[in-house]
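S.K.: Pasting data.txt here (compact mmCIF, N, CA and C atoms):
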# COMPACT_ATOMS: atom_id res chain seq x y z
N MET C 1 -7.24 3.37 -13.09
CA MET C 1 -7.80 2.47 -12.09
C MET C 1 -6.82 1.33 -11.85
N ILE C 2 -6.60 0.98 -10.62
CA ILE C 2 -5.69 -0.11 -10.26
C ILE C 2 -6.38 -1.44 -10.51
N GLN C 3 -5.69 -2.33 -11.21
CA GLN C 3 -6.17 -3.69 -11.42
C GLN C 3 -5.31 -4.63 -10.58
N LEU C 4 -5.87 -5.13 -9.50
CA LEU C 4 -5.12 -6.03 -8.62
C LEU C 4 -5.13 -7.44 -9.20
N PRO C 5 -4.05 -8.18 -9.03
CA PRO C 5 -4.04 -9.57 -9.46
C PRO C 5 -4.99 -10.40 -8.58
N GLU C 6 -5.37 -11.55 -9.08
CA GLU C 6 -6.23 -12.44 -8.30
C GLU C 6 -5.55 -12.79 -6.98
N GLY C 7 -6.33 -12.83 -5.94
CA GLY C 7 -5.78 -13.19 -4.64
C GLY C 7 -6.67 -12.71 -3.52
N SER C 8 -6.32 -13.05 -2.31
CA SER C 8 -7.05 -12.64 -1.12
C SER C 8 -6.32 -11.45 -0.51
N TRP C 9 -6.74 -10.26 -0.87
CA TRP C 9 -6.07 -9.03 -0.43
C TRP C 9 -6.97 -8.26 0.54
N TRP C 10 -7.35 -8.89 1.62
CA TRP C 10 -8.27 -8.30 2.58
C TRP C 10 -7.57 -7.27 3.47
N ASP C 11 -6.50 -7.65 4.13
CA ASP C 11 -5.79 -6.78 5.07
C ASP C 11 -4.73 -5.96 4.34
N TRP C 12 -4.63 -4.67 4.69
CA TRP C 12 -3.65 -3.76 4.09
C TRP C 12 -2.99 -2.94 5.19
N ASP C 13 -1.73 -2.58 4.97
CA ASP C 13 -1.08 -1.62 5.84
C ASP C 13 0.08 -0.94 5.11
N VAL C 14 0.58 0.11 5.75
CA VAL C 14 1.73 0.83 5.21
C VAL C 14 2.98 0.08 5.62
N VAL C 15 3.72 -0.43 4.65
CA VAL C 15 4.94 -1.19 4.90
C VAL C 15 6.14 -0.25 4.98
N GLU C 16 6.14 0.76 4.12
CA GLU C 16 7.28 1.70 4.05
C GLU C 16 6.75 3.02 3.51
N TRP C 17 7.27 4.12 4.09
CA TRP C 17 6.87 5.44 3.60
C TRP C 17 8.02 6.39 3.86
N ASN C 18 8.60 6.88 2.78
CA ASN C 18 9.65 7.89 2.88
C ASN C 18 9.47 8.86 1.71
N ALA C 19 10.39 9.78 1.54
CA ALA C 19 10.25 10.80 0.50
C ALA C 19 10.20 10.21 -0.90
N GLY C 20 10.78 9.05 -1.11
CA GLY C 20 10.84 8.49 -2.46
C GLY C 20 9.88 7.35 -2.73
N ARG C 21 9.23 6.83 -1.66
CA ARG C 21 8.41 5.64 -1.88
C ARG C 21 7.35 5.48 -0.80
N LEU C 22 6.16 5.06 -1.23
CA LEU C 22 5.10 4.61 -0.33
C LEU C 22 4.78 3.18 -0.75
N ARG C 23 4.94 2.25 0.20
CA ARG C 23 4.71 0.84 -0.10
C ARG C 23 3.57 0.34 0.78
N LEU C 24 2.47 -0.08 0.15
CA LEU C 24 1.34 -0.68 0.85
C LEU C 24 1.42 -2.18 0.68
N GLY C 25 1.27 -2.93 1.77
CA GLY C 25 1.29 -4.38 1.73
C GLY C 25 -0.11 -4.93 1.94
N ALA C 26 -0.41 -6.05 1.27
CA ALA C 26 -1.74 -6.66 1.39
C ALA C 26 -1.64 -8.18 1.46
N GLY C 27 -2.59 -8.77 2.14
CA GLY C 27 -2.68 -10.21 2.25
C GLY C 27 -3.97 -10.59 2.95
N PHE C 28 -4.18 -11.88 3.16
CA PHE C 28 -5.39 -12.31 3.85
C PHE C 28 -5.24 -12.22 5.36
N ASP C 29 -4.00 -12.16 5.85
CA ASP C 29 -3.71 -12.01 7.28
C ASP C 29 -2.27 -11.50 7.37
N LEU C 30 -2.10 -10.31 7.89
CA LEU C 30 -0.78 -9.68 7.90
C LEU C 30 0.07 -10.03 9.12
N SER C 31 -0.34 -11.01 9.90
CA SER C 31 0.42 -11.37 11.10
C SER C 31 1.84 -11.81 10.78
N TYR C 32 2.02 -12.60 9.74
CA TYR C 32 3.33 -13.19 9.46
C TYR C 32 3.92 -12.81 8.10
N HIS C 33 3.07 -12.46 7.14
CA HIS C 33 3.59 -12.14 5.80
C HIS C 33 2.52 -11.40 5.01
N HIS C 34 2.93 -10.84 3.89
CA HIS C 34 1.99 -10.33 2.91
C HIS C 34 2.46 -10.78 1.53
N GLY C 35 1.56 -10.77 0.57
CA GLY C 35 1.89 -11.31 -0.75
C GLY C 35 1.72 -10.34 -1.89
N LEU C 36 1.28 -9.11 -1.59
CA LEU C 36 1.08 -8.11 -2.63
C LEU C 36 1.54 -6.76 -2.10
N GLU C 37 2.19 -6.00 -2.95
CA GLU C 37 2.59 -4.64 -2.60
C GLU C 37 2.22 -3.69 -3.73
N LEU C 38 1.68 -2.53 -3.34
CA LEU C 38 1.54 -1.41 -4.25
C LEU C 38 2.65 -0.45 -3.88
N VAL C 39 3.56 -0.23 -4.82
CA VAL C 39 4.73 0.60 -4.56
C VAL C 39 4.58 1.90 -5.36
N PHE C 40 4.28 2.98 -4.65
CA PHE C 40 4.12 4.28 -5.27
C PHE C 40 5.47 5.00 -5.23
N SER C 41 5.97 5.38 -6.38
CA SER C 41 7.24 6.12 -6.43
C SER C 41 6.95 7.61 -6.34
N ASP C 42 7.86 8.33 -5.72
CA ASP C 42 7.77 9.78 -5.55
C ASP C 42 6.39 10.25 -5.07
N PRO C 43 5.95 9.78 -3.89
CA PRO C 43 4.64 10.22 -3.40
C PRO C 43 4.66 11.72 -3.09
N LEU C 44 3.69 12.42 -3.64
CA LEU C 44 3.59 13.87 -3.45
C LEU C 44 2.52 14.24 -2.44
N PHE C 45 1.47 13.44 -2.39
CA PHE C 45 0.32 13.73 -1.53
C PHE C 45 -0.25 12.39 -1.09
N VAL C 46 -0.42 12.22 0.22
CA VAL C 46 -0.96 10.95 0.73
C VAL C 46 -1.90 11.23 1.88
N THR C 47 -3.12 10.75 1.76
CA THR C 47 -4.03 10.63 2.89
C THR C 47 -4.46 9.18 2.88
N CYS C 48 -4.07 8.48 3.93
CA CYS C 48 -4.25 7.03 3.92
C CYS C 48 -4.19 6.52 5.36
N PRO C 49 -5.15 5.69 5.78
CA PRO C 49 -4.99 5.09 7.10
C PRO C 49 -3.76 4.18 7.12
N THR C 50 -3.16 3.99 8.27
CA THR C 50 -1.97 3.14 8.34
C THR C 50 -2.33 1.66 8.20
N ALA C 51 -3.56 1.30 8.54
CA ALA C 51 -4.03 -0.08 8.37
C ALA C 51 -5.51 -0.02 7.99
N PHE C 52 -5.91 -0.89 7.06
CA PHE C 52 -7.29 -0.88 6.60
C PHE C 52 -7.61 -2.22 5.95
N GLN C 53 -8.90 -2.44 5.68
CA GLN C 53 -9.34 -3.70 5.09
C GLN C 53 -10.21 -3.43 3.86
N ASP C 54 -10.12 -4.37 2.92
CA ASP C 54 -11.01 -4.45 1.77
C ASP C 54 -11.21 -3.13 1.02
N PRO C 55 -10.13 -2.53 0.52
CA PRO C 55 -10.29 -1.25 -0.18
C PRO C 55 -10.98 -1.41 -1.53
N THR C 56 -11.70 -0.37 -1.92
CA THR C 56 -12.29 -0.26 -3.25
C THR C 56 -11.57 0.88 -3.95
N PHE C 57 -10.70 0.54 -4.89
CA PHE C 57 -9.95 1.55 -5.63
C PHE C 57 -10.81 2.10 -6.75
N ARG C 58 -10.66 3.40 -7.02
CA ARG C 58 -11.44 4.06 -8.07
C ARG C 58 -10.66 5.24 -8.63
N GLU C 59 -11.16 5.76 -9.73
CA GLU C 59 -10.60 6.98 -10.29
C GLU C 59 -10.92 8.13 -9.34
N PRO C 60 -10.02 9.09 -9.19
CA PRO C 60 -10.30 10.23 -8.32
C PRO C 60 -11.36 11.14 -8.96
N THR C 61 -12.12 11.80 -8.13
CA THR C 61 -13.09 12.77 -8.62
C THR C 61 -12.34 14.03 -9.07
N PRO C 62 -12.97 14.86 -9.88
CA PRO C 62 -12.33 16.14 -10.25
C PRO C 62 -11.97 16.98 -9.03
N GLU C 63 -12.82 16.97 -8.00
CA GLU C 63 -12.51 17.73 -6.79
C GLU C 63 -11.27 17.18 -6.08
N GLU C 64 -11.12 15.87 -6.04
CA GLU C 64 -9.92 15.27 -5.42
C GLU C 64 -8.67 15.65 -6.20
N VAL C 65 -8.74 15.68 -7.50
CA VAL C 65 -7.59 16.10 -8.32
C VAL C 65 -7.28 17.57 -8.04
N ARG C 66 -8.31 18.41 -7.87
CA ARG C 66 -8.09 19.83 -7.54
C ARG C 66 -7.41 19.97 -6.18
N VAL C 67 -7.84 19.17 -5.20
CA VAL C 67 -7.22 19.22 -3.87
C VAL C 67 -5.72 18.90 -3.98
N VAL C 68 -5.41 17.85 -4.71
CA VAL C 68 -4.01 17.46 -4.88
C VAL C 68 -3.23 18.56 -5.58
N SER C 69 -3.77 19.10 -6.66
CA SER C 69 -3.03 20.13 -7.42
C SER C 69 -2.86 21.40 -6.60
N ARG C 70 -3.85 21.74 -5.75
CA ARG C 70 -3.68 22.92 -4.88
C ARG C 70 -2.57 22.69 -3.86
N GLN C 71 -2.47 21.48 -3.34
CA GLN C 71 -1.47 21.17 -2.32
C GLN C 71 -0.06 21.03 -2.90
N THR C 72 0.03 20.49 -4.11
CA THR C 72 1.35 20.18 -4.68
C THR C 72 1.79 21.18 -5.74
N GLY C 73 0.86 21.97 -6.26
CA GLY C 73 1.21 22.92 -7.31
C GLY C 73 1.26 22.32 -8.70
N GLU C 74 0.85 21.07 -8.82
CA GLU C 74 0.85 20.39 -10.12
C GLU C 74 -0.15 19.24 -10.09
N ILE C 75 -0.45 18.73 -11.25
CA ILE C 75 -1.25 17.51 -11.34
C ILE C 75 -0.27 16.37 -11.57
N PRO C 76 -0.11 15.50 -10.57
CA PRO C 76 0.87 14.42 -10.68
C PRO C 76 0.50 13.41 -11.77
N ALA C 77 1.47 12.60 -12.14
CA ALA C 77 1.27 11.57 -13.16
C ALA C 77 0.20 10.57 -12.75
N LEU C 78 0.09 10.30 -11.45
CA LEU C 78 -0.83 9.28 -10.96
C LEU C 78 -1.57 9.80 -9.73
N VAL C 79 -2.89 9.70 -9.77
CA VAL C 79 -3.71 10.01 -8.60
C VAL C 79 -4.67 8.83 -8.42
N VAL C 80 -4.65 8.22 -7.23
CA VAL C 80 -5.46 7.05 -6.92
C VAL C 80 -6.33 7.38 -5.71
N ALA C 81 -7.59 6.99 -5.78
CA ALA C 81 -8.50 7.18 -4.66
C ALA C 81 -9.07 5.82 -4.25
N PHE C 82 -9.46 5.72 -2.97
CA PHE C 82 -10.11 4.49 -2.50
C PHE C 82 -10.89 4.76 -1.23
N GLU C 83 -11.80 3.85 -0.94
CA GLU C 83 -12.49 3.79 0.33
C GLU C 83 -12.21 2.42 0.91
N ALA C 84 -12.11 2.37 2.25
CA ALA C 84 -11.80 1.10 2.91
C ALA C 84 -12.34 1.11 4.33
N ASP C 85 -12.44 -0.07 4.90
CA ASP C 85 -12.81 -0.22 6.30
C ASP C 85 -11.55 -0.03 7.14
N ALA C 86 -11.56 1.01 7.97
CA ALA C 86 -10.41 1.26 8.84
C ALA C 86 -10.81 1.18 10.31
N GLY C 87 -11.96 0.55 10.58
CA GLY C 87 -12.39 0.35 11.95
C GLY C 87 -13.35 1.39 12.47
N GLY C 88 -13.63 2.42 11.72
CA GLY C 88 -14.55 3.47 12.16
C GLY C 88 -15.97 3.19 11.72
N PRO C 89 -16.89 4.09 12.08
CA PRO C 89 -18.29 3.89 11.71
C PRO C 89 -18.56 4.10 10.21
N GLU C 90 -17.72 4.84 9.55
CA GLU C 90 -17.84 5.10 8.12
C GLU C 90 -16.58 4.62 7.41
N PRO C 91 -16.68 4.33 6.12
CA PRO C 91 -15.46 3.97 5.38
C PRO C 91 -14.45 5.12 5.40
N ALA C 92 -13.18 4.77 5.47
CA ALA C 92 -12.09 5.75 5.43
C ALA C 92 -11.75 6.02 3.97
N ALA C 93 -11.46 7.28 3.68
CA ALA C 93 -11.07 7.65 2.32
C ALA C 93 -9.56 7.70 2.21
N GLY C 94 -9.05 7.28 1.07
CA GLY C 94 -7.62 7.35 0.79
C GLY C 94 -7.42 8.10 -0.52
N LEU C 95 -6.37 8.89 -0.58
CA LEU C 95 -6.03 9.63 -1.79
C LEU C 95 -4.51 9.69 -1.88
N ILE C 96 -3.97 9.16 -2.97
CA ILE C 96 -2.51 9.09 -3.14
C ILE C 96 -2.15 9.67 -4.50
N ALA C 97 -1.24 10.62 -4.50
CA ALA C 97 -0.70 11.18 -5.74
C ALA C 97 0.79 10.87 -5.77
N ALA C 98 1.24 10.32 -6.89
CA ALA C 98 2.64 9.89 -6.98
C ALA C 98 3.13 9.96 -8.41
N GLY C 99 4.43 9.75 -8.56
CA GLY C 99 5.03 9.74 -9.87
C GLY C 99 4.75 8.47 -10.65
N GLY C 100 4.53 7.36 -9.94
CA GLY C 100 4.27 6.10 -10.62
C GLY C 100 3.83 5.04 -9.64
N LEU C 101 3.48 3.88 -10.18
CA LEU C 101 3.00 2.76 -9.38
C LEU C 101 3.53 1.46 -9.96
N GLU C 102 4.03 0.60 -9.08
CA GLU C 102 4.43 -0.75 -9.45
C GLU C 102 3.66 -1.71 -8.55
N ILE C 103 3.06 -2.73 -9.14
CA ILE C 103 2.36 -3.77 -8.38
C ILE C 103 3.28 -4.97 -8.32
N VAL C 104 3.64 -5.38 -7.09
CA VAL C 104 4.62 -6.44 -6.88
C VAL C 104 3.98 -7.59 -6.11
N GLN C 105 4.06 -8.80 -6.67
CA GLN C 105 3.59 -9.99 -5.96
C GLN C 105 4.77 -10.80 -5.49
N GLY C 106 4.61 -11.46 -4.36
CA GLY C 106 5.65 -12.31 -3.79
C GLY C 106 5.55 -12.29 -2.29
N THR C 107 6.03 -13.32 -1.66
CA THR C 107 5.93 -13.43 -0.21
C THR C 107 6.95 -12.51 0.46
N VAL C 108 6.45 -11.68 1.36
CA VAL C 108 7.30 -10.80 2.17
C VAL C 108 7.04 -11.17 3.63
N PHE C 109 8.05 -11.75 4.26
CA PHE C 109 7.92 -12.19 5.65
C PHE C 109 8.05 -11.01 6.60
N ARG C 110 7.26 -11.04 7.65
CA ARG C 110 7.25 -9.98 8.66
C ARG C 110 7.95 -10.44 9.93
N TYR C 111 8.75 -11.47 9.83
CA TYR C 111 9.54 -11.99 10.94
C TYR C 111 10.86 -12.52 10.37
N TRP C 112 11.83 -12.71 11.24
CA TRP C 112 13.16 -13.12 10.79
C TRP C 112 13.14 -14.54 10.22
N ARG C 113 13.71 -14.70 9.05
CA ARG C 113 13.98 -15.99 8.41
C ARG C 113 15.38 -15.89 7.85
N PRO C 114 16.27 -16.80 8.20
CA PRO C 114 17.66 -16.66 7.78
C PRO C 114 17.89 -16.82 6.28
N ASN C 115 17.14 -17.64 5.59
CA ASN C 115 17.42 -17.89 4.18
C ASN C 115 16.12 -17.89 3.36
N PRO C 116 15.59 -16.72 3.05
CA PRO C 116 14.39 -16.72 2.22
C PRO C 116 14.66 -17.40 0.87
N ALA C 117 13.67 -18.09 0.36
CA ALA C 117 13.78 -18.75 -0.94
C ALA C 117 13.79 -17.70 -2.05
N PRO C 118 14.21 -18.07 -3.25
CA PRO C 118 14.16 -17.11 -4.36
C PRO C 118 12.74 -16.55 -4.52
N GLY C 119 12.65 -15.25 -4.67
CA GLY C 119 11.36 -14.57 -4.81
C GLY C 119 10.73 -14.16 -3.49
N GLU C 120 11.30 -14.63 -2.38
CA GLU C 120 10.80 -14.23 -1.06
C GLU C 120 11.70 -13.11 -0.51
N ARG C 121 11.12 -12.25 0.33
CA ARG C 121 11.87 -11.15 0.94
C ARG C 121 11.46 -10.99 2.39
N LEU C 122 12.21 -10.18 3.09
CA LEU C 122 11.87 -9.79 4.45
C LEU C 122 11.35 -8.36 4.42
N ALA C 123 10.39 -8.06 5.27
CA ALA C 123 9.88 -6.69 5.39
C ALA C 123 11.03 -5.78 5.82
N PRO C 124 10.96 -4.49 5.47
CA PRO C 124 12.07 -3.57 5.76
C PRO C 124 12.47 -3.48 7.22
N TRP C 125 11.56 -3.70 8.13
CA TRP C 125 11.86 -3.57 9.56
C TRP C 125 12.41 -4.84 10.20
N VAL C 126 12.41 -5.95 9.47
CA VAL C 126 12.86 -7.23 10.03
C VAL C 126 14.38 -7.24 10.15
N GLN C 127 14.86 -7.59 11.35
CA GLN C 127 16.29 -7.66 11.63
C GLN C 127 16.63 -9.03 12.21
N PRO C 128 17.86 -9.49 12.04
CA PRO C 128 18.25 -10.76 12.67
C PRO C 128 18.15 -10.64 14.19
N PRO C 129 17.94 -11.76 14.87
CA PRO C 129 17.91 -11.72 16.33
C PRO C 129 19.20 -11.11 16.89
N GLY C 130 19.05 -10.26 17.86
CA GLY C 130 20.21 -9.63 18.49
C GLY C 130 20.76 -8.44 17.75
N ALA C 131 20.17 -8.07 16.63
CA ALA C 131 20.69 -6.92 15.85
C ALA C 131 20.26 -5.61 16.45
Show this structure as structure tokens.
M.R.:
Amino acid sequence: MIQLPEGSWWDWDVVEWNAGRLRLGAGFDLSYHHGLELVFSDPLFVTCPTAFQDPTFREPTPEEVRVVSRQTGEIPALVVAFEADAGGPEPAAGLIAAGGLEIVQGTVFRYWRPNPAPGERLAPWVQPPGA
């Protein structure tokens, strides 16, 4: 079960997703920055809305683990399930299987800043003006 640090983690979205990493960002308002990231290494199976609010993380059910193992051919080191508000009439389900998970706190700006302070970063898509 994921234990999130204290904070206002209402809004969530996919910050980065490639073959080696799935990075979810969270904050109280994602317009300008986020302050928490769940970084899943080696994602094998992902069903997740691209943006959602107020997730409830839980242990996966045995059936969810079977779905993942049928799709991937193995039971991964980490399987995480959640329900969240994704704007529909019912909660959206999320299921992520990965090699590992790192929980990272710190300000990640979603707009250009020339000199972030120590511990601050820019989101992967942020580029200098004119780039």
S.K.: Need to verify the contact set: range 108-118 of chain C, 7 Å, all atoms listed in the file, exclusion of same-chain residues closer than 6 positions in sequence. Can you return it as a ChimeraX atom specification?
M.R.: /C:31-36,126-129
S.K.: Go ahead and compute the interatomic distance for atom N of Val46 in chain C and atom N of Phe28 in chain C, in Å to one decimal.
M.R.: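 Separation of atom N of Val46 in chain C and atom N of Phe28 in chain C: 24.6 Å.
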S.K.: Just to confirm, what's the straight-line distance from CA of Pro49 in chain C to CA of Glu37 in chain C in Å (one decimal)?
M.R.: 15.7 Å
S.K.: Can you pull out every residue within 6.5 Å of range 10-22 of chain C, counting all atoms listed in the file, but drop anything in the same chain fewer than 6 positions away, and send it as a list in words?
M.R.: Phe28, Asp29, Leu30, Leu38, Val39, Phe40, Ser41, Asp42, Pro43, Pro49, Thr50, Ala51, Phe52, Gln53, Asp54, Pro55 and Pro124 of chain C
S.K.: Selection from above, N, CA and C atoms, as a short mmCIF file (atom, residue, chain, number, x, y, z; two decimals), in the coordinates of the input, can you write it?
M.R.:
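result-v7.cif, written as the output of this step:
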data_model
loop_
_atom_site.label_atom_id
_atom_site.label_comp_id
_atom_site.auth_asym_id
_atom_site.auth_seq_id
_atom_site.Cartn_x
_atom_site.Cartn_y
_atom_site.Cartn_z
N PHE C 28 -4.18 -11.88 3.16
CA PHE C 28 -5.39 -12.31 3.85
C PHE C 28 -5.24 -12.22 5.36
N ASP C 29 -4.00 -12.16 5.85
CA ASP C 29 -3.71 -12.01 7.28
C ASP C 29 -2.27 -11.50 7.37
N LEU C 30 -2.10 -10.31 7.89
CA LEU C 30 -0.78 -9.68 7.90
C LEU C 30 0.07 -10.03 9.12
N LEU C 38 1.68 -2.53 -3.34
CA LEU C 38 1.54 -1.41 -4.25
C LEU C 38 2.65 -0.45 -3.88
N VAL C 39 3.56 -0.23 -4.82
CA VAL C 39 4.73 0.60 -4.56
C VAL C 39 4.58 1.90 -5.36
N PHE C 40 4.28 2.98 -4.65
CA PHE C 40 4.12 4.28 -5.27
C PHE C 40 5.47 5.00 -5.23
N SER C 41 5.97 5.38 -6.38
CA SER C 41 7.24 6.12 -6.43
C SER C 41 6.95 7.61 -6.34
N ASP C 42 7.86 8.33 -5.72
CA ASP C 42 7.77 9.78 -5.55
C ASP C 42 6.39 10.25 -5.07
N PRO C 43 5.95 9.78 -3.89
CA PRO C 43 4.64 10.22 -3.40
C PRO C 43 4.66 11.72 -3.09
N PRO C 49 -5.15 5.69 5.78
CA PRO C 49 -4.99 5.09 7.10
C PRO C 49 -3.76 4.18 7.12
N THR C 50 -3.16 3.99 8.27
CA THR C 50 -1.97 3.14 8.34
C THR C 50 -2.33 1.66 8.20
N ALA C 51 -3.56 1.30 8.54
CA ALA C 51 -4.03 -0.08 8.37
C ALA C 51 -5.51 -0.02 7.99
N PHE C 52 -5.91 -0.89 7.06
CA PHE C 52 -7.29 -0.88 6.60
C PHE C 52 -7.61 -2.22 5.95
N GLN C 53 -8.90 -2.44 5.68
CA GLN C 53 -9.34 -3.70 5.09
C GLN C 53 -10.21 -3.43 3.86
N ASP C 54 -10.12 -4.37 2.92
CA ASP C 54 -11.01 -4.45 1.77
C ASP C 54 -11.21 -3.13 1.02
N PRO C 55 -10.13 -2.53 0.52
CA PRO C 55 -10.29 -1.25 -0.18
C PRO C 55 -10.98 -1.41 -1.53
N PRO C 124 10.96 -4.49 5.47
CA PRO C 124 12.07 -3.57 5.76
C PRO C 124 12.47 -3.48 7.22
#
S.K.: Per DSSP on the backbone, filter range 33-123 of chain C down to the residues in alpha helix (DSSP H) and report them as a count of residues only.
M.R.: 11
S.K.: Would you mind reading off the distance between CA of Pro5 in chain C and CA of Arg23 in chain C, one decimal, in Å?
M.R.: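 Pair CA of Pro5 in chain C / CA of Arg23 in chain C returns 16.5 Å.
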S.K.: Go through C:Gly94, C:Gln105, C:Gly87, C:Ala26 and flag the residue nearest Thr56 in chain C, using only C-alpha atoms for the distances.
M.R.: C:Gly94
S.K.: Find the residue from C:Ala92, C:Ala97, C:Met1, C:Leu122 that sits nearest to Ile75 in chain C; use only C-alpha atoms when measuring.
M.R.: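 Closest to Ile75 in chain C of all the choices is C:Ala97.
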S.K.: Which residue out of C:Thr107, C:Gly119, C:Ala93, C:Trp125 has the minimum interatomic distance to Ala81 in chain C when all atoms listed in the file are used?
M.R.: C:Ala93
S.K.: Run DSSP on the backbone and give me the residues of range 49-127 of chain C it puts in strand (DSSP E), as an MDAnalysis selection string.
M.R.: chainID C and resid 51:58 78:85 92:98 100:109 121:122
S.K.: Could you give me, as a ChimeraX atom specification, the residues that sit within 8 Å of (-3.0, 12.6, 3.5) in the file's coordinates, counting only C-alpha atoms?
M.R.: /C:45-48,94-96
S.K.: Point out the residue among C:Gly99, C:Ala84, C:Thr61, C:Gly106 with the least atom-to-atom distance to Gly27 in chain C, counting only C-alpha atoms.
M.R.: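 Closest candidate: C:Gly106.
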S.K.: Would you kindly place N, CA, C and O atoms on range 2-14 of chain C and return the model as an mmCIF file, keeping the file's coordinate frame?
M.R.:
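This is the output file selection37.cif:
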data_model
loop_
_atom_site.group_PDB
_atom_site.id
_atom_site.type_symbol
_atom_site.label_atom_id
_atom_site.label_comp_id
_atom_site.auth_asym_id
_atom_site.auth_seq_id
_atom_site.Cartn_x
_atom_site.Cartn_y
_atom_site.Cartn_z
ATOM 1 N N ILE C 2 -6.600 0.980 -10.620
ATOM 2 C CA ILE C 2 -5.690 -0.110 -10.260
ATOM 3 C C ILE C 2 -6.380 -1.440 -10.510
ATOM 4 O O ILE C 2 -7.501 -1.658 -10.061
ATOM 5 N N GLN C 3 -5.690 -2.330 -11.210
ATOM 6 C CA GLN C 3 -6.170 -3.690 -11.420
ATOM 7 C C GLN C 3 -5.310 -4.630 -10.580
ATOM 8 O O GLN C 3 -4.145 -4.860 -10.914
ATOM 9 N N LEU C 4 -5.870 -5.130 -9.500
ATOM 10 C CA LEU C 4 -5.120 -6.030 -8.620
ATOM 11 C C LEU C 4 -5.130 -7.440 -9.200
ATOM 12 O O LEU C 4 -6.130 -7.870 -9.789
ATOM 13 N N PRO C 5 -4.050 -8.180 -9.030
ATOM 14 C CA PRO C 5 -4.040 -9.570 -9.460
ATOM 15 C C PRO C 5 -4.990 -10.400 -8.580
ATOM 16 O O PRO C 5 -5.354 -9.971 -7.481
ATOM 17 N N GLU C 6 -5.370 -11.550 -9.080
ATOM 18 C CA GLU C 6 -6.230 -12.440 -8.300
ATOM 19 C C GLU C 6 -5.550 -12.790 -6.980
ATOM 20 O O GLU C 6 -4.341 -13.001 -6.945
ATOM 21 N N GLY C 7 -6.330 -12.830 -5.940
ATOM 22 C CA GLY C 7 -5.780 -13.190 -4.640
ATOM 23 C C GLY C 7 -6.670 -12.710 -3.520
ATOM 24 O O GLY C 7 -7.669 -12.019 -3.745
ATOM 25 N N SER C 8 -6.320 -13.050 -2.310
ATOM 26 C CA SER C 8 -7.050 -12.640 -1.120
ATOM 27 C C SER C 8 -6.320 -11.450 -0.510
ATOM 28 O O SER C 8 -5.380 -11.612 0.261
ATOM 29 N N TRP C 9 -6.740 -10.260 -0.870
ATOM 30 C CA TRP C 9 -6.070 -9.030 -0.430
ATOM 31 C C TRP C 9 -6.970 -8.260 0.540
ATOM 32 O O TRP C 9 -7.299 -7.119 0.314
ATOM 33 N N TRP C 10 -7.350 -8.890 1.620
ATOM 34 C CA TRP C 10 -8.270 -8.300 2.580
ATOM 35 C C TRP C 10 -7.570 -7.270 3.470
ATOM 36 O O TRP C 10 -8.019 -6.143 3.595
ATOM 37 N N ASP C 11 -6.500 -7.650 4.130
ATOM 38 C CA ASP C 11 -5.790 -6.780 5.070
ATOM 39 C C ASP C 11 -4.730 -5.960 4.340
ATOM 40 O O ASP C 11 -3.978 -6.498 3.522
ATOM 41 N N TRP C 12 -4.630 -4.670 4.690
ATOM 42 C CA TRP C 12 -3.650 -3.760 4.090
ATOM 43 C C TRP C 12 -2.990 -2.940 5.190
ATOM 44 O O TRP C 12 -3.622 -2.615 6.185
ATOM 45 N N ASP C 13 -1.730 -2.580 4.970
ATOM 46 C CA ASP C 13 -1.080 -1.620 5.840
ATOM 47 C C ASP C 13 0.080 -0.940 5.110
ATOM 48 O O ASP C 13 0.460 -1.337 4.012
ATOM 49 N N VAL C 14 0.580 0.110 5.750
ATOM 50 C CA VAL C 14 1.730 0.830 5.210
ATOM 51 C C VAL C 14 2.980 0.080 5.620
ATOM 52 O O VAL C 14 3.275 -0.054 6.807
#
